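Undergrad: Got run07.txt for you, compact mmCIF, C-alpha atoms:
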# COMPACT_ATOMS: atom_id res chain seq x y z
CA MET A 78 -38.87 -24.27 43.53
CA ALA A 79 -40.84 -21.43 41.93
CA LEU A 80 -37.76 -20.33 39.98
CA SER A 81 -37.09 -23.87 38.78
CA LEU A 82 -40.68 -24.20 37.57
CA ALA A 83 -40.52 -20.83 35.79
CA LEU A 84 -37.23 -21.91 34.22
CA MET A 85 -38.73 -25.19 33.02
CA LYS A 86 -41.77 -23.36 31.61
CA ASN A 87 -39.55 -21.01 29.60
CA LEU A 88 -37.32 -23.87 28.47
CA ILE A 89 -40.37 -25.76 27.20
CA SER A 90 -41.47 -22.59 25.39
CA MET A 91 -38.03 -22.38 23.77
CA MET A 92 -38.16 -26.07 22.83
CA LEU A 93 -41.45 -25.39 21.02
CA MET A 94 -39.51 -22.84 18.96
CA VAL A 95 -36.98 -25.60 18.23
CA ILE A 96 -39.86 -27.77 17.01
CA ILE A 97 -40.95 -24.98 14.65
CA GLY A 98 -37.46 -24.91 13.12
CA TYR A 99 -37.49 -28.71 12.91
CA VAL A 100 -40.90 -28.80 11.20
CA ILE A 101 -40.16 -26.16 8.56
CA VAL A 102 -37.24 -28.27 7.38
CA LYS A 103 -39.14 -31.56 7.56
CA ILE A 104 -41.97 -30.17 5.41
CA LYS A 105 -39.28 -28.95 2.99
CA PHE A 106 -40.24 -25.29 3.36
CA LEU A 107 -36.54 -24.66 4.03
CA LYS A 108 -33.40 -26.78 4.21
CA SER A 109 -31.01 -27.26 7.12
CA ARG A 110 -28.32 -25.27 5.35
CA ASP A 111 -30.69 -22.29 5.28
CA ALA A 112 -30.10 -21.97 9.03
CA GLN A 113 -26.56 -20.69 8.39
CA PRO A 114 -27.54 -17.09 7.46
CA LEU A 115 -29.88 -16.89 10.46
CA SER A 116 -27.13 -18.26 12.68
CA MET A 117 -24.70 -15.62 11.38
CA LEU A 118 -27.32 -12.90 11.93
CA THR A 119 -27.80 -14.08 15.50
CA ALA A 120 -24.07 -14.18 16.23
CA TYR A 121 -23.08 -10.91 14.57
CA VAL A 122 -26.14 -8.70 15.09
CA LEU A 123 -28.81 -9.96 17.48
CA THR A 124 -26.65 -11.21 20.39
CA PRO A 125 -24.40 -8.11 20.40
CA CYS A 126 -27.59 -6.00 20.54
CA LEU A 127 -28.80 -7.98 23.56
CA ILE A 128 -25.44 -7.39 25.27
CA LEU A 129 -25.48 -3.67 24.48
CA GLU A 130 -29.05 -3.34 25.72
CA ALA A 131 -28.17 -5.05 29.01
CA PHE A 132 -25.87 -2.13 29.92
CA GLN A 133 -28.13 0.66 28.70
CA ARG A 134 -29.60 1.15 32.15
CA ASP A 135 -28.69 2.58 35.51
CA ILE A 136 -26.40 0.04 37.13
CA THR A 137 -25.50 0.44 40.78
CA ALA A 138 -22.00 0.06 42.20
CA GLU A 139 -23.17 -3.13 43.93
CA GLN A 140 -24.35 -4.57 40.62
CA MET A 141 -21.02 -3.79 38.99
CA LYS A 142 -19.25 -5.58 41.83
CA GLY A 143 -21.57 -8.52 41.13
CA PHE A 144 -20.63 -8.38 37.45
CA PHE A 145 -16.91 -8.66 38.18
CA VAL A 146 -17.49 -11.36 40.81
CA ALA A 147 -19.51 -13.28 38.22
CA MET A 148 -16.77 -12.84 35.62
CA ILE A 149 -14.09 -14.12 38.01
CA ALA A 150 -16.31 -17.05 39.02
CA ALA A 151 -16.99 -17.84 35.35
CA THR A 152 -13.26 -17.85 34.59
CA LEU A 153 -12.60 -20.20 37.50
CA CYS A 154 -15.47 -22.45 36.36
CA VAL A 155 -14.12 -22.86 32.84
CA LEU A 156 -10.58 -23.42 34.13
CA LEU A 157 -11.95 -26.03 36.56
CA PHE A 158 -13.71 -27.80 33.69
CA ILE A 159 -10.49 -27.77 31.67
CA VAL A 160 -8.68 -29.48 34.56
CA LEU A 161 -11.49 -32.02 35.08
CA ALA A 162 -11.57 -32.91 31.38
CA ALA A 163 -7.79 -33.36 31.39
CA LEU A 164 -7.98 -35.66 34.43
CA LEU A 165 -10.70 -37.76 32.80
CA LYS A 166 -9.00 -37.93 29.39
CA LYS A 167 -7.11 -41.20 29.93
CA PRO A 168 -9.58 -43.10 32.18
CA PHE A 169 -12.51 -42.43 29.82
CA LYS A 170 -10.47 -42.23 26.59
CA LEU A 171 -11.75 -38.76 25.80
CA ASP A 172 -10.81 -37.30 22.45
CA ALA A 173 -10.69 -33.60 21.55
CA VAL A 174 -14.41 -33.24 20.79
CA ASP A 175 -15.33 -35.05 24.04
CA GLN A 176 -13.14 -32.70 26.07
CA ALA A 177 -14.36 -29.53 24.36
CA THR A 178 -17.99 -30.59 24.84
CA LEU A 179 -17.45 -31.19 28.56
CA ILE A 180 -15.74 -27.83 29.01
CA TYR A 181 -17.65 -25.34 26.87
CA MET A 182 -21.34 -24.59 27.25
CA ASN A 183 -24.04 -22.70 25.38
CA CYS A 184 -23.97 -19.69 27.70
CA GLY A 185 -24.90 -17.27 24.91
CA ASN A 186 -27.65 -18.13 22.43
CA LEU A 187 -29.56 -20.26 24.95
CA LEU A 188 -28.82 -18.69 28.33
CA LEU A 189 -29.00 -15.00 27.42
CA PRO A 190 -32.62 -15.12 26.23
CA LEU A 191 -33.57 -17.70 28.87
CA ILE A 192 -32.33 -15.50 31.71
CA SER A 193 -34.00 -12.48 30.16
CA MET A 194 -37.32 -14.38 30.02
CA THR A 195 -37.04 -15.94 33.49
CA LEU A 196 -35.17 -13.45 35.66
CA GLY A 197 -35.60 -10.19 33.73
CA ASP A 198 -33.29 -7.93 31.77
CA ASP A 199 -31.57 -6.68 34.94
CA MET A 200 -29.97 -10.11 35.38
CA VAL A 201 -28.78 -10.46 31.79
CA PHE A 202 -25.53 -8.59 32.36
CA TYR A 203 -24.47 -11.21 34.94
CA CYS A 204 -24.82 -13.74 32.11
CA VAL A 205 -22.85 -11.39 29.86
CA ALA A 206 -20.02 -11.65 32.42
CA PHE A 207 -19.71 -15.34 31.48
CA GLN A 208 -19.21 -14.41 27.83
CA VAL A 209 -15.76 -12.93 28.48
CA PRO A 210 -13.87 -16.03 29.73
CA PHE A 211 -16.00 -18.31 27.54
CA ASN A 212 -15.12 -16.54 24.30
CA LEU A 213 -11.47 -15.96 25.22
CA LEU A 214 -10.90 -19.57 26.25
CA CYS A 215 -13.15 -21.33 23.72
CA TRP A 216 -11.53 -19.52 20.78
CA SER A 217 -8.04 -20.21 22.14
CA HIS A 218 -7.89 -23.40 24.22
CA GLY A 219 -11.04 -24.95 22.74
CA GLN A 220 -9.98 -24.28 19.18
CA ALA A 221 -6.46 -25.49 19.86
CA ILE A 222 -7.49 -28.89 21.23
CA ILE A 223 -9.94 -29.53 18.38
CA ARG A 224 -7.71 -28.29 15.57
CA GLY A 225 -4.49 -29.65 17.05
CA LYS A 226 -1.21 -28.11 18.11
CA GLY A 227 -0.04 -24.88 16.62
CA SER A 228 -3.55 -23.71 15.73
CA LEU A 229 -4.01 -20.96 18.33
CA ARG A 230 -5.48 -17.83 16.73
CA PRO A 231 -5.40 -15.00 19.30
CA ALA A 232 -7.15 -12.52 16.98
CA GLN A 233 -10.35 -14.58 17.11
CA MET A 234 -10.41 -14.29 20.89
CA PHE A 235 -10.73 -10.51 20.81
CA LEU A 236 -12.49 -9.99 17.48
CA ASN A 237 -15.42 -12.16 18.53
CA PRO A 238 -18.61 -10.06 18.20
CA ASN A 239 -19.70 -10.81 21.77
CA VAL A 240 -16.40 -9.61 23.21
CA LEU A 241 -16.47 -6.49 21.02
CA ALA A 242 -20.07 -5.78 22.05
CA LEU A 243 -19.17 -6.17 25.71
CA GLY A 244 -16.23 -3.79 25.35
CA ALA A 245 -18.45 -1.23 23.62
CA ALA A 246 -21.17 -1.66 26.27
CA LEU A 247 -18.72 -1.11 29.13
CA LEU A 248 -17.22 1.93 27.40
CA LEU A 249 -20.64 3.51 26.79
CA MET A 250 -21.61 2.83 30.39
CA ALA A 251 -18.37 4.34 31.74
CA LEU A 252 -18.89 7.47 29.62
CA GLY A 253 -22.52 7.71 30.66
CA ILE A 254 -23.71 7.52 27.04
CA ARG A 255 -27.27 6.33 26.43
CA PHE A 256 -28.75 5.55 23.05
CA PRO A 257 -31.33 7.99 21.66
CA SER A 258 -34.87 6.63 22.04
CA VAL A 259 -35.19 5.54 18.40
CA LEU A 260 -31.85 3.69 18.45
CA ALA A 261 -32.60 2.22 21.89
CA THR A 262 -35.89 0.79 20.56
CA THR A 263 -34.06 -0.71 17.58
CA VAL A 264 -31.35 -2.31 19.73
CA THR A 265 -33.89 -3.67 22.23
CA SER A 266 -36.11 -5.09 19.50
CA LEU A 267 -33.18 -6.84 17.81
CA GLY A 268 -31.95 -8.18 21.15
CA ASN A 269 -35.40 -9.63 21.88
CA MET A 270 -35.09 -11.72 18.70
CA VAL A 271 -32.14 -13.75 20.03
CA GLY A 272 -34.24 -16.42 21.73
CA PRO A 273 -36.61 -17.27 18.87
CA ALA A 274 -33.89 -17.00 16.21
CA SER A 275 -31.46 -19.21 18.14
CA MET A 276 -34.05 -21.88 18.85
CA ILE A 277 -35.28 -21.98 15.25
CA VAL A 278 -31.66 -22.37 14.09
CA ILE A 279 -31.20 -25.33 16.47
CA GLY A 280 -34.41 -26.93 15.21
CA MET A 281 -33.42 -26.47 11.57
CA SER A 282 -29.94 -27.83 12.27
CA ILE A 283 -31.15 -31.04 13.91
CA ALA A 284 -33.90 -31.73 11.37
CA GLU A 285 -31.52 -33.71 9.19
CA SER A 286 -29.75 -35.39 12.11
CA ASP A 287 -30.27 -39.06 12.87
CA LEU A 288 -32.02 -38.62 16.23
CA GLY A 289 -32.23 -42.39 16.63
CA ALA A 290 -28.45 -42.64 16.47
CA VAL A 291 -28.16 -39.78 18.96
CA LEU A 292 -30.42 -41.52 21.47
CA ARG A 293 -28.75 -44.92 21.01
CA SER A 294 -25.23 -43.64 21.61
CA ARG A 295 -24.12 -44.42 25.17
CA ARG A 296 -21.14 -42.10 24.83
CA THR A 297 -23.41 -39.20 23.90
CA TRP A 298 -25.39 -39.74 27.10
CA LEU A 299 -22.22 -40.08 29.18
CA ILE A 300 -20.65 -36.88 27.84
CA ASN A 301 -23.87 -34.96 28.41
CA PHE A 302 -24.13 -36.31 31.95
CA GLY A 303 -20.75 -34.74 32.60
CA ARG A 304 -21.64 -31.46 30.85
CA LEU A 305 -25.12 -31.00 32.31
CA ILE A 306 -24.82 -32.50 35.78
CA ALA A 307 -21.42 -33.71 37.01
CA PHE A 308 -19.20 -30.76 36.08
CA PRO A 309 -21.58 -27.97 37.23
CA PHE A 310 -22.37 -29.89 40.44
CA ILE A 311 -18.66 -30.11 41.25
CA ALA A 312 -18.42 -26.35 40.68
CA MET A 313 -21.31 -25.77 43.09
CA LEU A 314 -19.74 -28.04 45.72
CA ILE A 315 -16.49 -26.09 45.50
CA LEU A 316 -18.38 -22.79 45.79
CA TYR A 317 -20.20 -24.16 48.83
CA ALA A 318 -16.94 -25.37 50.40
CA THR A 319 -15.37 -21.91 50.09
CA GLY A 320 -18.17 -20.36 52.16
CA PHE A 321 -18.03 -17.29 49.92
CA LEU A 322 -21.79 -16.74 49.81
CA ARG A 323 -22.09 -17.10 53.57
CA VAL A 324 -19.77 -14.11 53.89
CA HIS A 325 -21.08 -12.22 50.83
CA PRO A 326 -24.76 -13.13 50.38
CA GLU A 327 -25.23 -9.98 48.26
CA PHE A 328 -23.60 -11.84 45.35
CA LYS A 329 -26.03 -14.77 45.39
CA ASP A 330 -27.98 -13.64 42.31
CA ALA A 331 -24.80 -13.04 40.30
CA LEU A 332 -23.38 -16.46 41.17
CA MET A 333 -26.71 -18.21 40.58
CA VAL A 334 -26.62 -16.90 37.01
CA THR A 335 -23.00 -18.09 36.76
CA MET A 336 -24.06 -21.58 37.84
CA MET A 337 -26.93 -21.52 35.33
CA CYS A 338 -24.38 -20.84 32.61
CA ALA A 339 -22.09 -23.57 33.96
CA ALA A 340 -24.96 -26.08 33.70
CA ALA A 341 -25.90 -25.13 30.12
CA PRO A 342 -25.83 -27.72 27.29
CA PRO A 343 -22.83 -28.13 24.96
CA ALA A 344 -21.77 -25.01 23.08
CA ALA A 345 -22.75 -24.70 19.44
CA THR A 346 -19.30 -23.12 18.99
CA VAL A 347 -17.71 -26.53 19.56
CA THR A 348 -19.73 -27.93 16.65
CA GLN A 349 -18.77 -24.95 14.48
CA ILE A 350 -15.06 -25.47 15.17
CA ALA A 351 -15.39 -29.23 14.62
CA VAL A 352 -17.09 -28.60 11.26
CA ALA A 353 -14.42 -26.09 10.25
CA CYS A 354 -11.53 -28.47 10.92
CA GLY A 355 -13.28 -31.70 9.95
CA ASN A 356 -12.81 -33.30 13.37
CA GLU A 357 -15.89 -35.41 14.20
CA PRO A 358 -18.49 -32.71 13.33
CA PHE A 359 -21.42 -35.15 13.39
CA ARG A 360 -20.56 -36.43 16.86
CA ALA A 361 -20.15 -32.85 18.12
CA SER A 362 -23.59 -32.13 16.64
CA PHE A 363 -25.07 -35.18 18.38
CA TYR A 364 -23.71 -34.00 21.72
CA ASN A 365 -25.23 -30.58 21.13
CA VAL A 366 -28.62 -31.95 20.07
CA LEU A 367 -29.08 -34.33 23.00
CA GLY A 368 -27.74 -31.79 25.52
CA THR A 369 -30.16 -29.13 24.29
CA LEU A 370 -33.09 -31.53 24.66
CA LEU A 371 -32.03 -32.79 28.08
CA CYS A 372 -31.42 -29.36 29.59
CA VAL A 373 -35.20 -28.81 29.77
CA ALA A 374 -35.08 -31.20 32.75
CA THR A 375 -31.52 -30.87 34.04
CA LEU A 376 -31.16 -27.07 34.21
CA PRO A 377 -34.15 -26.50 36.53
CA VAL A 378 -32.90 -29.35 38.75
CA MET A 379 -29.41 -27.84 39.00
CA ILE A 380 -30.81 -24.41 39.90
CA TYR A 381 -33.08 -26.00 42.51
CA LEU A 382 -29.98 -27.66 44.04
CA PHE A 383 -28.24 -24.29 44.05
CA GLN A 384 -31.15 -22.70 45.91
CA VAL A 385 -31.21 -25.53 48.45
CA MET A 386 -27.44 -25.42 49.01
CA PHE A 387 -27.30 -21.64 49.37
CA ALA A 388 -30.65 -20.97 51.07
Would you give me this structure, written as structure tokens?
TA:
Amino acid sequence: MALSLALMKNLISMMLMVIIGYVIVKIKFLKSRDAQPLSMLTAYVLTPCLILEAFQRDITAEQMKGFFVAMIAATLCVLLFIVLAALLKKPFKLDAVDQATLIYMNCGNLLLPLISMTLGDDMVFYCVAFQVPFNLLCWSHGQAIIRGKGSLRPAQMFLNPNVLALGAALLLMALGIRFPSVLATTVTSLGNMVGPASMIVIGMSIAESDLGAVLRSRRTWLINFGRLIAFPFIAMLILYATGFLRVHPEFKDALMVTMMCAAAPPAATVTQIAVACGNEPFRASFYNVLGTLLCVATLPVMIYLFQVMFA
């Protein structure tokens, strides 16, 4: 319960940052489109710095095992969500944006700083483990279903800044290379900006959205119920049924972070792809907005359920 309360406290703090972004657009200090440069800075500079910083520490062999267990679990989670979305496609008449929203979550800009604030920097690299399958699958499968057949772009899977940063971080760790103190301070300081920058971008982005339309849309609520509660809960039930943590309790922290990522709100990447290809960008944005607001309540609840199930 203590962790869930700490998580909720930090989520509320991050939502206040969203409000700041919302207000500065509403008072016409900036415009929504001004969020784009800050979003690019976050994606291409700040988040890679947070990933690099996560590995600039002494990591034990047990922690590295946890990292790879988390990465395998993350891959299985996303593949499970792909299967679930496919099974629900006909019964619920899900289109491409619906499916992508159910499958892909904001495990980067939201979860990386949230885990750093709540669990400490030592746990961030378990969240980084989720970035690998997320980026590889979102920029391949996710992009393909939104853009349509024949649109797979493999280069984007591996040239994504998060994947490149992870590769560099692992290489530096394997070679035992640590940043000089001045560079380490720079990287850490930039990484610490991810949370505020990401939340302000979200606030600026939703300032010109029709929040009334978002709240009135039954489909938006239904899709977010699947993304925030149903899909991650099914993943937790399957993990419980395997009995893996009863045999390997040492991986509980790593898999708890994995489940936090699995229960995150819809990925902003889905909205970006929808905007780029002109496939229901406003609806994708609505899903993202409502999911981000609702996760203040749903994410702590899901982590509390995890703690109860795997006590």
Undergrad: Calculated over all atoms listed in the file, which of the candidates A:Val278, A:Ile222, A:Met91, A:Cys338 has the smallest distance to Asn356 (chain A)?
TA: A:Ile222
Undergrad: Do you have, as a Markdown table, the list of residues of region 235-354 of chain A lying at most 9 Å from region 375-383 of chain A, each with its nearest atom pair and that distance in Å to one decimal, counting only C-alpha atoms and ordered by chain then number?
TA:
| residue | atom | partner | partner_atom | distance |
| --- | --- | --- | --- | --- |
| A:Leu305 | CA | A:Thr375 | CA | 6.6 |
| A:Ile306 | CA | A:Thr375 | CA | 7.1 |
| A:Pro309 | CA | A:Met379 | CA | 8.0 |
| A:Phe310 | CA | A:Met379 | CA | 7.5 |
| A:Met313 | CA | A:Phe383 | CA | 7.2 |
| A:Met333 | CA | A:Phe383 | CA | 7.2 |
| A:Met336 | CA | A:Ile380 | CA | 7.6 |
| A:Met337 | CA | A:Ile380 | CA | 6.7 |
| A:Ala340 | CA | A:Leu376 | CA | 6.3 |
| A:Ala341 | CA | A:Leu376 | CA | 6.9 |
| A:Pro342 | CA | A:Leu376 | CA | 8.8 |
Undergrad: CA of Thr335 (chain A) and CA of Met200 (chain A), how far apart in Å?
TA: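 So the answer is 10.7 Å.
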Undergrad: Quick one: everything within 9 Å of region 254-263 of chain A, counting all atoms listed in the file, minus sequence neighbours fewer than 3 positions away in the same chain. Send it as a list in words.
TA: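 Non-adjacent residues within range: Cys126, Glu130, Gln133, Arg134, Leu248, Leu249, Met250, Ala251, Ser266, Leu267 and Gly268 of chain A.
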Undergrad: Taking into account only C-alpha atoms, which residue in the set A:Pro343, A:Ile192, A:Leu179, A:Gly98 is nearest to Lys166 (chain A)?
TA: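 Using only C-alpha atoms, Lys166 (chain A) sits closest to A:Leu179.
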Undergrad: Which one is closest to Asp135 (chain A): A:Leu371, A:Ala206, A:Gly253, A:Leu118? Count all atoms listed in the file.
TA: A:Gly253
Undergrad: With distances taken over all atoms listed in the file, which residue among A:Lys329, A:Arg224, A:Arg304, A:Arg296 lies nearest Gln140 (chain A)?
TA: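 Using all atoms listed in the file, Gln140 (chain A) sits closest to A:Lys329.
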Undergrad: Any idea what the distance is between CA of Tyr181 (chain A) and CA of Thr297 (chain A)?
TA: 15.3 Å
Undergrad: Please determine, counting all atoms listed in the file, which residue among A:Pro168, A:Ala131, A:His325, A:Gly219 has the shortest atom-to-atom distance to Cys204 (chain A).
TA: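 For Cys204 (chain A), the nearest of the given residues is A:Ala131.
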Undergrad: A:Trp298, A:Tyr364, A:Phe202, A:Phe308: which is nearest Phe145 (chain A), counting only C-alpha atoms?
TA: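 Looking only at the distances to Phe145 (chain A), the closest residue turns out to be A:Phe202.
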